[in-house]
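Source file: start_6.csv (CSV, C-alpha atoms and all ligand atoms)
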chain,number,residue,atom,x,y,z
P,1,PHE,CA,-23.8,14.1,28.1
P,2,ASP,CA,-22.8,10.5,28.2
P,3,ASP,CA,-22.2,8.4,31.3
P,4,GLN,CA,-18.6,9.7,31.5
P,5,GLY,CA,-19.9,13.3,31.8
P,6,GLU,CA,-18.6,14.2,28.3
P,7,MET,CA,-20.6,16.5,26.2
P,8,HIS,CA,-21.4,15.5,22.7
P,9,HIS,CA,-22.5,17.7,19.8
P,10,VAL,CA,-25.7,16.6,18.1
P,11,GLN,CA,-24.6,15.4,14.7
P,12,GLY,CA,-26.4,16.0,11.5
P,13,PRO,CA,-26.8,13.3,8.9
P,14,HIS,CA,-23.7,14.6,7.0
P,15,HIS,CA,-21.5,14.0,10.0
P,16,HIS,CA,-19.6,10.8,10.6
P,17,VAL,CA,-20.7,8.8,13.7
P,18,HIS,CA,-17.1,8.3,14.8
P,19,LYS,CA,-15.0,11.3,15.7
P,20,PRO,CA,-12.3,11.7,13.1
P,21,GLU,CA,-9.5,10.8,15.6
P,22,ASP,CA,-11.1,7.4,16.1
P,23,ARG,CA,-10.7,6.4,12.5
P,24,GLN,CA,-7.6,4.7,11.2
P,25,ALA,CA,-7.1,2.7,8.0
P,26,TYR,CA,-4.7,0.7,5.9
P,27,VAL,CA,-4.7,2.1,2.4
P,28,THR,CA,-3.5,0.5,-0.8
P,29,LEU,CA,-3.7,1.2,-4.6
P,30,ALA,CA,-4.4,-0.5,-7.9
P,31,THR,CA,-4.6,1.2,-11.3
P,32,ASN,CA,-5.4,-2.1,-13.1
P,33,ASP,CA,-6.7,-5.6,-12.5
P,34,THR,CA,-3.3,-7.2,-12.2
P,35,TYR,CA,-2.2,-5.0,-9.3
P,36,ALA,CA,-5.7,-5.5,-7.8
P,37,LEU,CA,-4.8,-9.2,-7.3
P,38,GLY,CA,-2.0,-7.9,-5.1
P,39,CYS,CA,-4.4,-5.7,-3.2
P,40,LEU,CA,-6.7,-8.6,-2.7
P,41,THR,CA,-3.9,-10.8,-1.3
P,42,LEU,CA,-2.6,-7.9,0.9
P,43,GLY,CA,-6.2,-7.2,2.2
P,44,GLU,CA,-6.7,-10.8,3.1
P,45,SER,CA,-3.3,-11.0,4.7
P,46,LEU,CA,-4.4,-8.0,6.9
P,47,LYS,CA,-7.6,-9.8,7.9
P,48,ARG,CA,-5.8,-13.0,8.6
P,49,ALA,CA,-3.6,-11.0,10.9
P,50,ALA,CA,-6.8,-9.9,12.7
P,51,THR,CA,-6.4,-6.1,12.1
P,52,THR,CA,-8.9,-3.9,13.8
P,53,LYS,CA,-8.4,-1.1,11.3
P,54,GLU,CA,-10.5,-0.2,8.3
P,55,LEU,CA,-9.3,-1.3,4.8
P,56,VAL,CA,-9.3,1.1,1.9
P,57,VAL,CA,-8.3,0.4,-1.7
P,58,MET,CA,-7.8,3.3,-4.1
P,59,ILE,CA,-8.5,2.5,-7.7
P,60,THR,CA,-8.8,4.2,-11.1
P,61,ARG,CA,-11.3,3.5,-13.9
P,62,HIS,CA,-9.1,1.0,-15.6
P,63,VAL,CA,-10.0,-1.5,-12.9
P,64,SER,CA,-12.8,-3.7,-14.2
P,65,ASP,CA,-16.3,-3.9,-12.7
P,66,ALA,CA,-15.9,-7.6,-11.9
P,67,MET,CA,-12.7,-6.8,-10.0
P,68,VAL,CA,-14.3,-3.9,-8.1
P,69,ARG,CA,-16.9,-6.4,-6.9
P,70,CYS,CA,-14.1,-8.7,-5.7
P,71,LEU,CA,-12.3,-5.8,-4.0
P,72,GLU,CA,-15.6,-4.9,-2.2
P,73,LYS,CA,-15.6,-8.3,-0.5
P,74,THR,CA,-12.2,-7.7,1.1
P,75,PHE,CA,-12.1,-3.9,1.6
P,76,ASP,CA,-14.4,-1.7,3.6
P,77,PHE,CA,-14.0,1.1,1.0
P,78,VAL,CA,-13.2,1.0,-2.7
P,79,GLN,CA,-12.4,4.6,-3.6
P,80,LEU,CA,-12.4,5.6,-7.3
P,81,PHE,CA,-10.1,8.4,-8.3
P,82,ASP,CA,-10.5,9.8,-11.8
P,83,VAL,CA,-7.2,11.7,-11.6
P,84,MET,CA,-6.9,13.2,-15.0
P,85,ASP,CA,-10.5,14.3,-15.3
P,86,SER,CA,-10.3,16.5,-12.2
P,87,ALA,CA,-10.7,20.1,-12.9
P,88,ASP,CA,-8.9,21.7,-10.0
P,89,SER,CA,-5.9,23.9,-10.9
P,90,ALA,CA,-3.3,21.8,-9.1
P,91,ASN,CA,-4.4,18.8,-11.1
P,92,LEU,CA,-4.3,20.8,-14.3
P,93,ALA,CA,-0.7,21.7,-13.5
P,94,MET,CA,0.0,18.0,-13.2
P,95,LEU,CA,-1.2,17.3,-16.7
P,96,GLN,CA,2.1,18.8,-17.8
P,97,ARG,CA,3.8,15.9,-16.0
P,98,PRO,CA,2.1,12.9,-17.5
P,99,GLU,CA,5.0,10.7,-16.4
P,100,LEU,CA,3.7,11.0,-12.9
P,101,GLY,CA,0.4,9.3,-13.5
P,102,VAL,CA,0.5,6.4,-11.0
P,103,THR,CA,2.5,8.7,-8.6
P,104,LEU,CA,-0.3,11.2,-8.6
P,105,THR,CA,-2.8,8.5,-7.8
P,106,LYS,CA,-0.8,7.4,-4.8
P,107,ILE,CA,-0.6,10.8,-3.3
P,108,HIS,CA,-4.4,11.0,-3.4
P,109,CYS,CA,-4.2,9.0,-0.2
P,110,TRP,CA,-3.8,12.3,1.6
P,111,THR,CA,-7.3,13.2,0.5
P,112,LEU,CA,-8.8,10.4,2.6
P,113,THR,CA,-9.6,12.8,5.4
P,114,ASP,CA,-12.3,10.6,6.9
P,115,PHE,CA,-9.3,9.0,8.6
P,116,ASP,CA,-7.1,10.7,11.1
P,117,LYS,CA,-4.2,8.4,10.6
P,118,ALA,CA,-3.4,5.8,7.9
P,119,VAL,CA,-0.8,3.4,6.8
P,120,PHE,CA,-0.2,3.1,3.1
P,121,LEU,CA,0.9,-0.3,1.8
P,122,ASP,CA,1.9,-1.0,-1.8
P,123,ALA,CA,-0.1,-3.7,-3.6
P,124,ASP,CA,3.0,-5.9,-3.7
P,125,THR,CA,3.3,-6.1,0.1
P,126,LEU,CA,2.1,-8.9,2.3
P,127,VAL,CA,1.3,-8.7,6.0
P,128,LEU,CA,2.6,-11.7,8.0
P,129,ARG,CA,1.4,-10.7,11.5
P,130,ASN,CA,-0.6,-8.0,13.1
P,131,CYS,CA,1.1,-4.6,12.8
P,132,ASP,CA,-1.7,-2.3,14.2
P,133,GLU,CA,0.9,-0.8,16.6
P,134,LEU,CA,2.2,1.2,13.7
P,135,PHE,CA,-0.8,3.6,14.3
P,136,ASP,CA,0.1,4.2,17.9
P,137,GLN,CA,3.8,4.3,17.7
P,138,TYR,CA,4.4,6.3,14.6
P,139,GLY,CA,3.2,9.6,13.1
P,140,GLU,CA,3.6,11.4,9.7
P,141,PHE,CA,5.8,10.9,8.0
P,142,SER,CA,7.3,7.5,8.9
P,143,ALA,CA,8.9,5.0,6.5
P,144,ALA,CA,11.7,2.4,6.4
P,145,PRO,CA,15.0,2.8,4.6
P,146,ASP,CA,15.2,1.9,0.9
P,147,VAL,CA,17.6,-1.0,0.3
P,148,GLY,CA,19.0,0.6,-2.8
P,149,TRP,CA,19.9,3.9,-1.2
P,150,PRO,CA,19.3,3.8,2.6
P,151,ASP,CA,19.4,7.6,3.0
P,152,CYS,CA,16.1,7.5,1.1
P,153,PHE,CA,13.0,5.9,2.5
P,154,ASN,CA,11.1,3.3,0.6
P,155,SER,CA,7.6,4.5,-0.3
P,156,GLY,CA,6.0,1.1,-0.3
P,157,VAL,CA,5.0,1.3,3.4
P,158,PHE,CA,4.4,4.6,5.2
P,159,VAL,CA,2.5,6.1,8.1
P,160,PHE,CA,0.7,9.4,7.2
P,161,ARG,CA,-2.0,11.8,8.3
P,162,PRO,CA,-4.6,12.5,5.6
P,163,SER,CA,-4.9,16.3,5.0
P,164,ILE,CA,-6.1,18.3,2.0
P,165,ARG,CA,-3.5,20.9,2.9
P,166,THR,CA,-0.6,18.4,2.7
P,167,TYR,CA,-2.2,16.9,-0.5
P,168,LYS,CA,-2.2,20.3,-2.1
P,169,SER,CA,1.4,21.0,-1.1
P,170,LEU,CA,2.4,17.7,-2.5
P,171,LEU,CA,0.6,18.4,-5.8
P,172,HIS,CA,2.2,21.8,-6.0
P,173,PHE,CA,5.6,20.4,-5.2
P,174,ALA,CA,5.2,17.7,-7.9
P,175,SER,CA,4.1,20.1,-10.6
P,176,THR,CA,7.0,22.4,-9.9
P,177,ASN,CA,9.8,19.9,-9.1
P,178,GLY,CA,8.6,16.7,-10.7
P,179,SER,CA,10.2,13.5,-9.3
P,180,PHE,CA,13.8,12.6,-9.5
P,181,ASP,CA,13.0,9.0,-10.2
P,182,GLY,CA,9.7,9.6,-12.1
P,183,GLY,CA,7.7,7.9,-9.3
P,184,ASP,CA,6.2,8.5,-5.9
P,185,GLN,CA,9.3,7.6,-4.1
P,186,GLY,CA,11.4,10.4,-5.6
P,187,LEU,CA,8.7,12.9,-5.0
P,188,LEU,CA,8.0,11.9,-1.4
P,189,ASN,CA,11.7,11.8,-0.5
P,190,SER,CA,12.2,15.3,-1.9
P,191,PHE,CA,9.0,16.5,-0.1
P,192,PHE,CA,9.8,14.9,3.3
P,193,HIS,CA,13.4,15.7,2.9
P,194,GLU,CA,14.1,15.9,6.7
P,195,TRP,CA,13.5,12.1,7.0
P,196,PRO,CA,17.2,10.8,6.8
P,197,ARG,CA,18.6,13.1,9.5
P,198,GLY,CA,15.4,14.2,11.2
P,199,ASP,CA,13.4,12.4,14.0
P,200,ILE,CA,14.7,8.8,14.3
P,201,LYS,CA,11.3,7.8,15.5
P,202,LYS,CA,10.1,8.3,12.0
P,203,HIS,CA,12.3,5.6,10.7
P,204,LEU,CA,10.3,2.4,10.6
P,205,PRO,CA,12.1,-0.8,11.5
P,206,PHE,CA,13.0,-3.0,8.5
P,207,ILE,CA,10.5,-5.6,9.8
P,208,TYR,CA,7.7,-3.4,8.5
P,209,ASN,CA,9.1,-3.3,4.9
P,210,MET,CA,11.4,-6.3,4.5
P,211,VAL,CA,12.3,-6.5,0.8
P,212,ALA,CA,11.9,-10.1,-0.3
P,213,SER,CA,14.5,-10.1,-3.1
P,214,ILE,CA,17.5,-8.9,-1.1
P,215,ILE,CA,17.8,-11.7,1.5
P,216,TYR,CA,21.0,-13.0,-0.1
P,217,THR,CA,22.8,-9.7,0.6
P,218,TYR,CA,22.7,-10.5,4.3
P,219,THR,CA,21.4,-14.0,4.9
P,220,PRO,CA,22.6,-14.3,8.5
P,221,ALA,CA,20.6,-11.2,9.4
P,222,PHE,CA,17.6,-12.7,7.7
P,223,LYS,CA,18.0,-15.9,9.7
P,224,ARG,CA,18.4,-14.0,12.9
P,225,PHE,CA,15.4,-11.6,12.4
P,226,ALA,CA,13.1,-13.5,10.1
P,227,GLY,CA,10.8,-14.4,13.0
P,228,ASP,CA,10.2,-10.7,13.7
P,229,VAL,CA,9.2,-9.7,10.2
P,230,LYS,CA,5.7,-8.3,9.9
P,231,ILE,CA,5.4,-7.0,6.4
P,232,ILE,CA,7.3,-8.2,3.3
P,233,HIS,CA,7.6,-6.2,0.1
P,234,PHE,CA,8.0,-7.8,-3.3
P,235,LEU,CA,9.8,-4.8,-4.7
P,236,GLY,CA,11.1,-5.0,-8.2
P,237,PRO,CA,10.0,-5.9,-11.7
P,238,THR,CA,8.7,-9.4,-11.0
P,239,LYS,CA,5.7,-9.5,-8.7
P,240,PRO,CA,4.4,-12.7,-7.0
P,241,TRP,CA,1.4,-12.9,-9.3
P,242,GLN,CA,3.7,-13.0,-12.3
P,243,TRP,CA,5.3,-16.3,-11.5
P,244,ASN,CA,3.9,-19.3,-13.4
P,245,PHE,CA,1.5,-20.9,-11.1
P,246,ASP,CA,-1.0,-23.7,-11.7
P,247,VAL,CA,-4.2,-22.5,-10.1
P,248,HIS,CA,-5.9,-25.9,-10.3
P,249,ASP,CA,-3.0,-28.0,-9.0
P,250,ARG,CA,-2.1,-25.2,-6.6
P,251,ARG,CA,1.5,-25.4,-7.3
P,252,MET,CA,4.3,-23.3,-8.7
P,253,ILE,CA,5.3,-24.2,-12.3
P,254,SER,CA,8.3,-21.9,-12.3
P,255,ASP,CA,11.5,-23.3,-10.8
P,256,LEU,CA,12.2,-21.2,-7.8
P,257,GLY,CA,15.3,-23.2,-6.8
P,258,HIS,CA,17.7,-20.3,-7.6
P,259,LEU,CA,15.7,-17.9,-5.4
P,260,GLY,CA,16.8,-19.5,-2.1
P,261,GLU,CA,14.9,-18.1,0.9
P,262,THR,CA,13.0,-15.7,-1.3
P,263,ALA,CA,11.1,-18.7,-2.7
P,264,ASP,CA,9.7,-19.4,0.8
P,265,LEU,CA,8.3,-15.8,0.9
P,266,LEU,CA,6.7,-16.2,-2.5
P,267,THR,CA,5.1,-19.3,-1.3
P,268,LEU,CA,3.6,-17.3,1.7
P,269,TRP,CA,2.0,-14.9,-0.8
P,270,TRP,CA,0.6,-17.7,-2.9
P,271,ASN,CA,-0.8,-19.5,0.1
P,272,VAL,CA,-2.8,-16.4,1.0
P,273,PHE,CA,-3.9,-16.0,-2.6
P,274,ILE,CA,-5.0,-19.6,-2.9
P,275,SER,CA,-6.7,-20.0,0.4
P,276,ARG,CA,-8.4,-16.6,0.8
P,277,VAL,CA,-8.5,-14.8,-2.6
P,278,LEU,CA,-9.1,-17.5,-5.3
P,279,PRO,CA,-12.4,-18.7,-3.7
P,280,ASN,CA,-13.7,-15.1,-4.0
P,281,THR,CA,-12.6,-14.4,-7.5
P,282,SER,CA,-15.0,-16.8,-9.4
P,283,GLU,CA,-16.4,-13.8,-11.3
P,284,ILE,CA,-13.1,-13.0,-12.8
P,285,GLN,CA,-11.6,-14.7,-15.8
P,286,LEU,CA,-8.2,-15.4,-14.2
P,287,THR,CA,-7.0,-17.0,-17.5
P,288,GLY,CA,-6.3,-13.5,-18.8
P,289,PHE,CA,-3.8,-13.0,-16.0
P,290,PRO,CA,-0.2,-13.9,-16.0
P,291,LEU,CA,-0.9,-16.6,-13.3
P,301,LIG,N1,0.8,0.7,-9.0
P,301,LIG,C1,-0.4,0.5,-9.7
P,301,LIG,N2,-0.3,0.3,-11.0
P,301,LIG,C2,0.9,0.3,-11.7
P,301,LIG,C3,2.1,0.5,-11.0
P,301,LIG,C4,2.0,0.6,-9.6
P,301,LIG,O1,-1.4,0.5,-9.1
P,301,LIG,O2,0.8,0.1,-13.0
P,301,LIG,C5,0.7,0.9,-7.5
P,301,LIG,C6,0.7,-0.4,-6.7
P,301,LIG,O3,0.0,-0.2,-5.5
P,301,LIG,C7,2.2,-0.7,-6.5
P,301,LIG,C8,2.7,0.7,-6.2
P,301,LIG,O4,1.9,1.6,-7.1
P,301,LIG,O5,2.4,-1.6,-5.4
P,301,LIG,C9,4.2,1.0,-6.5
P,301,LIG,O6,4.6,0.3,-7.6
P,301,LIG,P1,5.5,-1.1,-7.5
P,301,LIG,O7,5.1,-1.8,-6.3
P,301,LIG,O8,5.4,-1.8,-8.8
P,301,LIG,O9,7.0,-0.4,-7.4
P,301,LIG,P2,8.2,-1.1,-6.6
P,301,LIG,O10,7.8,-1.3,-5.2
P,301,LIG,O11,8.6,-2.4,-7.3
P,301,LIG,O12,9.3,-0.1,-6.7
P,302,MN,MN,6.1,-2.1,-4.3

Could you rewrite the structure in this file as C-alpha cells?
Ligand code: UDP
Ligand code: MN
Amino acid sequence: FDDQGEMHHVQGPHHHVHKPEDRQAYVTLATNDTYALGCLTLGESLKRAATTKELVVMITRHVSDAMVRCLEKTFDFVQLFDVMDSADSANLAMLQRPELGVTLTKIHCWTLTDFDKAVFLDADTLVLRNCDELFDQYGEFSAAPDVGWPDCFNSGVFVFRPSIRTYKSLLHFASTNGSFDGGDQGLLNSFFHEWPRGDIKKHLPFIYNMVASIIYTYTPAFKRFAGDVKIIHFLGPTKPWQWNFDVHDRRMISDLGHLGETADLLTLWWNVFISRVLPNTSEIQLTGFPL
C-alpha cells in the first residue's frame, strides 16, 4: 500500500515500472536516412515545444548505423522493424502485396503496446507549439481531414491506441482488401470507415495537421488562424530537406519567392534543423543528402 492507501502488485523484473495507462508517446517513422532527417527535425521540434511525452521512432534496416546513433540522441526509443523477415502468418499474407511496404511499416505502430495511447506524426511534420492535449482530448481513431478529399482523413497525424488485436485486424484487412491509394492513408480510411460521419470528436482540428502547400487556396483563413497552428505537414512530393540549402552559410539557395507564405513555413523547418539537428549530426556525411 502506498500513502494514498492504494494497493500495488509486486512487480517482477519483466514488468514495466509505470502502469501502461501512464505511458504515452509520439511516434514517427523513417525507412531510410533521408526521411530520418525529417524525424530528427520533428523530434527536436517536439522537445522545443517542451513535450512531456516519450518519443519513439520506428525504423527499418535501411537506416544507417550512424543515423541510428543520431536518432538515439533525440528519441527515447529507436525501434527496428524487420517487416518482411517476420514469420507470422499475417505478414506472410502481406508478402503478396509488396506495394504496401512502407504502409505495412507504419501500421506497426499499433504493436507499440508499452504505450496506452500514442500520436503518430509523419516524418514531414513539424510541431510549432506544445500539443500534448491531444492525448487527453482525443481517442482512437482521431485524425484531421485530408485537403484533397475532406471526407477522408489525412494519415500524417493521428491519435491511436496500440493494440495487437487492432494490428492483426489491420494486417488482415490489408492482405484481403489492399489499399485504394497503395499507401497507409487508403488502408486506414477503409479500415476506420466510420470516421467521416461518425463521432465528430474524432475529427482533429486543422491546426494539428495544417498542410503547408495549400495556403494559397484560402489565404485569408491562414492569416486569421495562423497563430493557432500547432503542427504543420509538408505533404507532397517536395519535402523541406529536398530544397537546396547551404549548410555552411545557413541559407536557402533555392528561390522560394513563388511560394508565398509557404516559404515562411519552410524557413521554420530549416531553423529547427540548423539550430537543433545539425549540431548533432557530425557523424553523418550530409553531403550525400539532397541538402
Ligand atoms: N516514409 C518513409 N519512407 C518512405 C516514404 C515514407 O519512412 O520512403 C514514412 C515517413 O514517415 C513519411 C510517411 O511515411 O512521412 C508518409 O509518407 P509521406 O510523408 O512522404 O507522404 P505524404 O504525406 O506526402 O502523402
Ligand atoms: Mn507526410

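Our summary of the geometry notes that atom CA of P:Val68 is positioned 23.1 Å from atom CA of P:Val157.
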
Would you name the residues within 7 Å of ligand MN 302 (chain P), counting all atoms listed in the file, and put them as a short mmCIF file (atom, residue, chain, number, x, y, z; two decimals) with C-alpha atoms, keeping the file's coordinate frame?
data_model
loop_
_atom_site.label_atom_id
_atom_site.label_comp_id
_atom_site.auth_asym_id
_atom_site.auth_seq_id
_atom_site.Cartn_x
_atom_site.Cartn_y
_atom_site.Cartn_z
CA ASP P 122 1.90 -1.00 -1.80
CA ALA P 123 -0.10 -3.70 -3.60
CA ASP P 124 3.00 -5.90 -3.70
CA THR P 125 3.30 -6.10 0.10
CA GLY P 156 6.00 1.10 -0.30
CA HIS P 233 7.60 -6.20 0.10
CA PHE P 234 8.00 -7.80 -3.30
CA LEU P 235 9.80 -4.80 -4.70
CA GLY P 236 11.10 -5.00 -8.20
#

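With only C-alpha atoms and all ligand atoms as the basis for measurement, P:Val147 is the residue among P:Ala263, P:Cys70, P:Ala49, P:Val147 that approaches ligand LIG 301 (chain P) most closely.
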
9 Å from ligand LIG 301 (chain P) is the threshold here; counting all atoms listed in the file, which polymer residues fall inside it? Answer as a ChimeraX atom specification.
/P:28-36,38-39,58-60,102-103,105-106,121-125,154-156,183-185,233-239

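Shell of P:Phe192 at 10 Å, with only C-alpha atoms counted and residues fewer than 6 places along the chain excluded, is Glu140, Phe141, Ser142, Cys152, Phe153, Leu170 and Gly198 of chain P.
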
Just so I have it separately, write stretch 115-214 of chain P from the block I sent, keeping C-alpha atoms, as a compact mmCIF listing (two decimals), in the first residue's frame.
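selection-v4.txt, written as the output of this step:
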# COMPACT_ATOMS: atom_id res chain seq x y z
CA PHE P 115 2.10 2.69 -24.56
CA ASP P 116 -1.54 3.10 -23.74
CA LYS P 117 -2.10 5.97 -26.13
CA ALA P 118 0.03 7.47 -28.86
CA VAL P 119 0.07 10.16 -31.51
CA PHE P 120 1.55 9.21 -34.87
CA LEU P 121 3.30 12.01 -36.76
CA ASP P 122 4.68 11.71 -40.30
CA ALA P 123 8.40 12.45 -40.68
CA ASP P 124 7.44 15.50 -42.76
CA THR P 125 5.55 17.20 -39.94
CA LEU P 126 6.85 19.95 -37.64
CA VAL P 127 5.49 20.83 -34.22
CA LEU P 128 5.30 24.59 -33.66
CA ARG P 129 3.90 24.58 -30.12
CA ASN P 130 3.04 22.10 -27.41
CA CYS P 131 0.14 19.84 -28.41
CA ASP P 132 0.20 17.32 -25.55
CA GLU P 133 -3.53 17.99 -25.03
CA LEU P 134 -4.10 15.66 -28.00
CA PHE P 135 -3.63 12.76 -25.58
CA ASP P 136 -6.29 13.98 -23.13
CA GLN P 137 -8.84 15.28 -25.58
CA TYR P 138 -8.85 12.60 -28.30
CA GLY P 139 -9.10 8.83 -28.53
CA GLU P 140 -8.67 6.23 -31.25
CA PHE P 141 -9.10 6.90 -34.09
CA SER P 142 -8.76 10.68 -34.44
CA ALA P 143 -7.35 12.49 -37.46
CA ALA P 144 -7.82 15.70 -39.44
CA PRO P 145 -9.50 15.97 -42.86
CA ASP P 146 -7.40 15.49 -45.98
CA VAL P 147 -7.20 18.65 -48.07
CA GLY P 148 -7.51 16.71 -51.33
CA TRP P 149 -10.68 14.86 -50.27
CA PRO P 150 -12.02 16.13 -46.93
CA ASP P 151 -14.33 13.11 -46.43
CA CYS P 152 -11.10 11.17 -45.98
CA PHE P 153 -8.79 11.85 -43.08
CA ASN P 154 -5.13 12.59 -43.65
CA SER P 155 -2.97 9.84 -42.11
CA GLY P 156 0.03 12.08 -41.40
CA VAL P 157 -1.22 12.90 -37.87
CA PHE P 158 -3.44 10.58 -35.86
CA VAL P 159 -4.28 9.60 -32.28
CA PHE P 160 -4.39 5.84 -31.67
CA ARG P 161 -4.30 3.14 -29.03
CA PRO P 162 -1.62 0.48 -29.54
CA SER P 163 -3.16 -2.98 -29.54
CA ILE P 164 -2.03 -6.27 -31.07
CA ARG P 165 -5.65 -7.11 -31.77
CA THR P 166 -6.12 -3.93 -33.84
CA TYR P 167 -2.77 -4.52 -35.51
CA LYS P 168 -3.78 -8.01 -36.58
CA SER P 169 -7.16 -6.77 -37.85
CA LEU P 170 -5.37 -4.10 -39.87
CA LEU P 171 -2.94 -6.65 -41.33
CA HIS P 172 -5.76 -9.00 -42.22
CA PHE P 173 -7.74 -6.14 -43.74
CA ALA P 174 -4.69 -5.02 -45.75
CA SER P 175 -3.95 -8.50 -47.07
CA THR P 176 -7.54 -9.07 -48.18
CA ASN P 177 -8.51 -5.56 -49.37
CA GLY P 178 -5.20 -3.86 -50.17
CA SER P 179 -5.25 -0.06 -50.17
CA PHE P 180 -7.18 2.06 -52.63
CA ASP P 181 -4.30 4.53 -52.90
CA GLY P 182 -1.50 1.99 -52.43
CA GLY P 183 -0.50 3.65 -49.15
CA ASP P 184 -1.40 3.80 -45.49
CA GLN P 185 -3.97 6.56 -45.97
CA GLY P 186 -6.20 4.46 -48.23
CA LEU P 187 -5.89 1.45 -45.96
CA LEU P 188 -6.62 3.36 -42.76
CA ASN P 189 -9.56 5.26 -44.29
CA SER P 190 -11.15 1.97 -45.40
CA PHE P 191 -10.50 0.38 -42.01
CA PHE P 192 -11.71 3.32 -39.89
CA HIS P 193 -14.56 3.94 -42.32
CA GLU P 194 -16.88 5.45 -39.69
CA TRP P 195 -14.62 8.50 -39.41
CA PRO P 196 -16.34 10.92 -41.88
CA ARG P 197 -19.86 10.53 -40.43
CA GLY P 198 -19.06 9.09 -37.02
CA ASP P 199 -18.09 10.82 -33.80
CA ILE P 200 -17.19 14.45 -34.61
CA LYS P 201 -14.88 14.40 -31.56
CA LYS P 202 -12.60 12.19 -33.63
CA HIS P 203 -12.08 14.94 -36.19
CA LEU P 204 -8.88 16.70 -35.27
CA PRO P 205 -8.91 20.45 -35.89
CA PHE P 206 -6.88 21.53 -38.90
CA ILE P 207 -4.39 23.29 -36.58
CA TYR P 208 -2.98 19.82 -35.82
CA ASN P 209 -2.29 18.96 -39.46
CA MET P 210 -2.00 22.19 -41.40
CA VAL P 211 -0.82 21.39 -44.90
CA ALA P 212 1.94 23.83 -45.76
CA SER P 213 1.50 23.79 -49.53
CA ILE P 214 -2.20 24.73 -49.74
